[in-house]
Amino acid sequence: MDQDNNSEDDSVGQAEDDAQPPFPLGLSDSEAVEVLWQVRTQRRQTEPDLPDTVTRLTTPEGSIVYLVGTAHFSDSSKKDVATTIRAVQPDVVVVELCQYRVSMLKMDEKTLLKEAKDINLEKVQQAIKQNGVMSGLMQILLLKVSAHITEQLGMAPGGEFREAFKEAGKVPFCKFHLGDRPIPVTFKRAIAALSLWQKARLAWGLCFLSDPISKEDVEKCKQKDLLEQTMSEMIGEFPALHRTIVAERDIYLTHTLRQAARCVEAPPNAEKVPAVVVGVVGMGHVPGIERNWDEELNIHEIMSVAPPSRFGWVVRNVLKGAMWGLLGYACFRASKGVGRALLSLPTVQSLLENIRTPSV
C-alpha cells in the first residue's frame, strides 16, 4: 500500500514539475505571453487517447468541447478528468457547479466529509432563508441523501470538480467557469412543478432512504445504459421533477458550454482561433447536452419562477400546516434533532396555531 501511495505521489509531483515551463530570462510581458502560449500549444494533443467517458462536441467555428461524464462519488472519474485536461490543455474548463456550491472546490476531503454528514439547525435556517420554506426543506432532504451516500462510501462528493480546478490551474491561460444553473432557481422551479401529494411522497422517500450503496454501484453510474434506465424510472415517478432538475439543467449546461467554446484571441496579434474546452458534468447530463447541442435554446424561460395560481394559493394556505408537520416529522426521523428544531421555529408554530384556530 505504501509503495502505491509513494508512486502516486511521485506521479503527482512529476505532473506539477511538468506544469512549470522552461522560461528564458529577460523577456518582456508580451514575449512571455507568447512563450507560454507556444508551450501550451506544444503540449496539446491533437488526437488524444481519452477515456470512454469523454464525448467530443464541435462548434461551427471549429472549437472543440471534450465532455467528461462523471459519477459524483468516484475516484476513477477524478482520474478521467485529470487525464483529459492534461492531454488537451484547454482554454476553458467548465464544471457542473454554481456560485452557491463553489466552496467545495477549496475544502479538503476531511472538512467536506464532516459538512456532508452534519445536518444541523443552522443549515436548515440557511436553506429556508435562501430558498423559502418548501424549497429549503427539500434541499435539506436532498442533503440527507448526499450524507447517506457519503457515510456509505466514506467519500466526499465533488472530487472530480476539485480535480478539474487543480488541473486547470496548471494550464497556461486556462479559465475556470461555473456552468450550472443557480441552485435556488432549480429548487424553486422543482417545488413549483410538484403537487402537494408529490412533494409529500418525494420527501417521505428521501427521508427514509437506507439502501446500502457500494463503490461498485457508483461506478455503474458511469454506464449510460444503466443511468438512462434509472432516469426512465424517475420520469415515470416524478416527470415534473426530472424536467426541472435534469432536462432544464441540460439546457443550461449546454448554453454555458457553448459560451465557453467561443473563439479565443491568440498572441501576438490577438487573432481569433477556435477554443478547446473541457466540460465536467454528471453522466446523467451527457445525453441531454448532446441532444441540445445544435438546438436553439431559450435560457430566460428556465430561469424564471412562475407565480402561484389563486387556487394554488388557497390550497396551500389550507394545507400548509399539515404539509410542514409531515416534512418536520420526516426531518426529525431523518436526522434526529433537526426535525424537533424545525417544529420549534416561531414561524412554524405560528402557522400551526393559525391552522388549529378556526376563523370567526
# chains A, B, ... in the order shown; residues from 1 in each chain; ligands from 1
>>> residues_around(residues="Tyr66 (chain A)", least_positions_apart="2", cutoff="10 Å", atoms="only C-alpha atoms", output="ChimeraX atom specification")
/A:50,53-58,64,68-69,84-85,88,90,93,276-280
>>> write_last_selection(atoms="all heavy atoms", output="short mmCIF file (atom, residue, chain, number, x, y, z; two decimals), in the first residue's frame")
data_model
loop_
_atom_site.label_atom_id
_atom_site.label_comp_id
_atom_site.auth_asym_id
_atom_site.auth_seq_id
_atom_site.Cartn_x
_atom_site.Cartn_y
_atom_site.Cartn_z
N LEU A 50 -8.39 9.35 -25.09
CA LEU A 50 -9.12 9.74 -23.89
C LEU A 50 -10.00 8.60 -23.37
O LEU A 50 -10.32 7.66 -24.10
CB LEU A 50 -9.99 10.97 -24.19
CG LEU A 50 -9.23 12.21 -24.65
CD1 LEU A 50 -10.19 13.33 -25.01
CD2 LEU A 50 -8.25 12.67 -23.56
N THR A 53 -15.44 7.70 -21.13
CA THR A 53 -16.44 8.61 -20.56
C THR A 53 -16.43 9.99 -21.19
O THR A 53 -17.22 10.85 -20.81
CB THR A 53 -16.20 8.76 -19.04
OG1 THR A 53 -14.85 9.17 -18.83
CG2 THR A 53 -16.45 7.45 -18.31
N VAL A 54 -15.54 10.21 -22.15
CA VAL A 54 -15.40 11.53 -22.78
C VAL A 54 -16.14 11.55 -24.12
O VAL A 54 -15.97 10.67 -24.96
CB VAL A 54 -13.93 11.89 -23.00
CG1 VAL A 54 -13.80 13.25 -23.70
CG2 VAL A 54 -13.17 11.91 -21.67
N THR A 55 -16.99 12.57 -24.29
CA THR A 55 -17.72 12.80 -25.55
C THR A 55 -17.18 14.05 -26.22
O THR A 55 -16.98 15.08 -25.56
CB THR A 55 -19.23 12.97 -25.26
OG1 THR A 55 -19.73 11.80 -24.62
CG2 THR A 55 -20.00 13.23 -26.55
N ARG A 56 -16.95 13.98 -27.52
CA ARG A 56 -16.38 15.11 -28.26
C ARG A 56 -17.47 15.85 -29.03
O ARG A 56 -18.20 15.26 -29.81
CB ARG A 56 -15.31 14.60 -29.24
CG ARG A 56 -14.49 15.68 -29.95
CD ARG A 56 -13.44 14.99 -30.81
NE ARG A 56 -12.54 15.93 -31.47
CZ ARG A 56 -12.77 16.51 -32.64
NH1 ARG A 56 -13.90 16.25 -33.29
NH2 ARG A 56 -11.89 17.34 -33.17
N LEU A 57 -17.58 17.17 -28.78
CA LEU A 57 -18.55 18.02 -29.47
C LEU A 57 -17.80 19.13 -30.19
O LEU A 57 -16.72 19.56 -29.74
CB LEU A 57 -19.54 18.62 -28.47
CG LEU A 57 -20.36 17.64 -27.62
CD1 LEU A 57 -21.10 18.38 -26.52
CD2 LEU A 57 -21.34 16.85 -28.48
N THR A 58 -18.36 19.63 -31.29
CA THR A 58 -17.71 20.70 -32.04
C THR A 58 -18.69 21.83 -32.32
O THR A 58 -19.92 21.64 -32.27
CB THR A 58 -17.15 20.18 -33.39
OG1 THR A 58 -18.23 19.63 -34.16
CG2 THR A 58 -16.10 19.11 -33.16
N ILE A 64 -13.64 22.88 -30.06
CA ILE A 64 -13.88 21.50 -29.62
C ILE A 64 -14.20 21.50 -28.13
O ILE A 64 -13.53 22.16 -27.33
CB ILE A 64 -12.65 20.61 -29.87
CG1 ILE A 64 -12.27 20.62 -31.35
CG2 ILE A 64 -12.90 19.18 -29.41
CD1 ILE A 64 -10.97 19.88 -31.65
N VAL A 68 -16.62 15.40 -20.23
CA VAL A 68 -16.28 14.26 -19.37
C VAL A 68 -17.50 13.93 -18.52
O VAL A 68 -17.91 14.72 -17.66
CB VAL A 68 -15.07 14.57 -18.47
CG1 VAL A 68 -14.64 13.32 -17.71
CG2 VAL A 68 -13.92 15.13 -19.28
N GLY A 69 -18.10 12.75 -18.74
CA GLY A 69 -19.22 12.30 -17.92
C GLY A 69 -18.71 11.59 -16.69
O GLY A 69 -17.89 10.68 -16.77
N THR A 84 -7.89 13.98 -19.13
CA THR A 84 -8.41 14.77 -20.24
C THR A 84 -7.80 16.17 -20.26
O THR A 84 -7.36 16.66 -21.31
CB THR A 84 -9.95 14.86 -20.15
OG1 THR A 84 -10.50 13.54 -20.15
CG2 THR A 84 -10.51 15.64 -21.33
N ILE A 85 -7.75 16.82 -19.11
CA ILE A 85 -7.21 18.19 -19.06
C ILE A 85 -5.73 18.20 -19.41
O ILE A 85 -5.26 19.08 -20.16
CB ILE A 85 -7.46 18.81 -17.67
CG1 ILE A 85 -8.97 19.03 -17.45
CG2 ILE A 85 -6.71 20.14 -17.52
CD1 ILE A 85 -9.33 19.56 -16.08
N VAL A 88 -5.43 17.65 -23.43
CA VAL A 88 -5.92 18.63 -24.42
C VAL A 88 -5.55 20.06 -24.07
O VAL A 88 -5.75 20.96 -24.89
CB VAL A 88 -7.45 18.51 -24.60
CG1 VAL A 88 -7.84 17.08 -24.96
CG2 VAL A 88 -8.22 18.98 -23.37
N PRO A 90 -6.76 22.72 -22.21
CA PRO A 90 -7.88 23.55 -22.68
C PRO A 90 -7.70 25.04 -22.43
O PRO A 90 -6.92 25.48 -21.59
CB PRO A 90 -9.05 23.01 -21.85
CG PRO A 90 -8.42 22.52 -20.59
CD PRO A 90 -7.09 21.94 -21.01
N VAL A 93 -12.15 25.41 -18.72
CA VAL A 93 -12.73 24.24 -18.06
C VAL A 93 -14.07 24.67 -17.45
O VAL A 93 -14.13 25.67 -16.73
CB VAL A 93 -11.80 23.68 -16.96
CG1 VAL A 93 -12.53 22.60 -16.14
CG2 VAL A 93 -10.54 23.10 -17.57
N VAL A 276 -10.54 25.30 -27.21
CA VAL A 276 -10.62 23.93 -26.70
C VAL A 276 -11.19 24.02 -25.28
O VAL A 276 -10.67 24.75 -24.44
CB VAL A 276 -9.25 23.25 -26.69
CG1 VAL A 276 -9.33 21.88 -26.00
CG2 VAL A 276 -8.72 23.09 -28.11
N VAL A 277 -12.26 23.28 -25.04
CA VAL A 277 -12.98 23.34 -23.77
C VAL A 277 -13.10 21.94 -23.19
O VAL A 277 -13.34 20.98 -23.93
CB VAL A 277 -14.38 23.96 -23.95
CG1 VAL A 277 -15.16 23.95 -22.63
CG2 VAL A 277 -14.28 25.37 -24.51
N VAL A 278 -12.95 21.82 -21.88
CA VAL A 278 -13.25 20.57 -21.17
C VAL A 278 -14.44 20.85 -20.26
O VAL A 278 -14.40 21.77 -19.44
CB VAL A 278 -12.05 20.06 -20.34
CG1 VAL A 278 -12.49 18.90 -19.43
CG2 VAL A 278 -10.93 19.62 -21.25
N GLY A 279 -15.52 20.07 -20.44
CA GLY A 279 -16.68 20.17 -19.57
C GLY A 279 -16.73 18.98 -18.64
O GLY A 279 -16.53 17.84 -19.07
N VAL A 280 -16.99 19.22 -17.36
CA VAL A 280 -17.06 18.15 -16.36
C VAL A 280 -18.47 18.14 -15.78
O VAL A 280 -18.85 19.05 -15.03
CB VAL A 280 -16.01 18.35 -15.25
CG1 VAL A 280 -16.06 17.20 -14.25
CG2 VAL A 280 -14.61 18.48 -15.85
#
>>> residues_around(residues="Pro157 (chain A)", least_positions_apart="2", cutoff="6 Å", atoms="only C-alpha atoms", output="compact mmCIF listing (two decimals) with all heavy atoms, in the first residue's frame")
# COMPACT_ATOMS: atom_id res chain seq x y z
N HIS A 72 -20.44 11.27 -9.30
CA HIS A 72 -20.02 12.30 -8.35
C HIS A 72 -19.29 11.76 -7.13
O HIS A 72 -18.72 12.53 -6.36
CB HIS A 72 -21.22 13.13 -7.92
CG HIS A 72 -21.80 13.96 -9.03
ND1 HIS A 72 -21.02 14.71 -9.88
CD2 HIS A 72 -23.08 14.14 -9.44
CE1 HIS A 72 -21.79 15.33 -10.77
NE2 HIS A 72 -23.04 15.00 -10.52
N PHE A 73 -19.30 10.46 -6.89
CA PHE A 73 -18.55 9.87 -5.77
C PHE A 73 -17.60 8.82 -6.34
O PHE A 73 -17.68 7.65 -5.99
CB PHE A 73 -19.51 9.22 -4.77
CG PHE A 73 -20.36 10.18 -3.99
CD1 PHE A 73 -21.53 10.68 -4.54
CD2 PHE A 73 -20.01 10.58 -2.72
CE1 PHE A 73 -22.35 11.55 -3.82
CE2 PHE A 73 -20.81 11.45 -2.00
CZ PHE A 73 -21.98 11.94 -2.55
N GLY A 159 -15.39 15.31 -5.92
CA GLY A 159 -13.95 15.14 -6.10
C GLY A 159 -13.49 15.46 -7.52
O GLY A 159 -12.41 16.00 -7.72
>>> atom_distance(atom1="CA of Trp37 (chain A)", atom2="CA of Glu96 (chain A)")
27.0 Å
>>> closest_residue(among="A:Gly158, A:Gly62, A:Gly26, A:Pro172", to="Lys272 (chain A)", atoms="only C-alpha atoms")
A:Gly62
>>> residues_around(residues="region 244-250 of chain A", least_positions_apart="2", cutoff="8 Å", atoms="only C-alpha atoms", output="PyMOL selection string")
chain A and resi 180-181+186-187+189-190+193+240-242+252-254+284-286+288-289+292+302
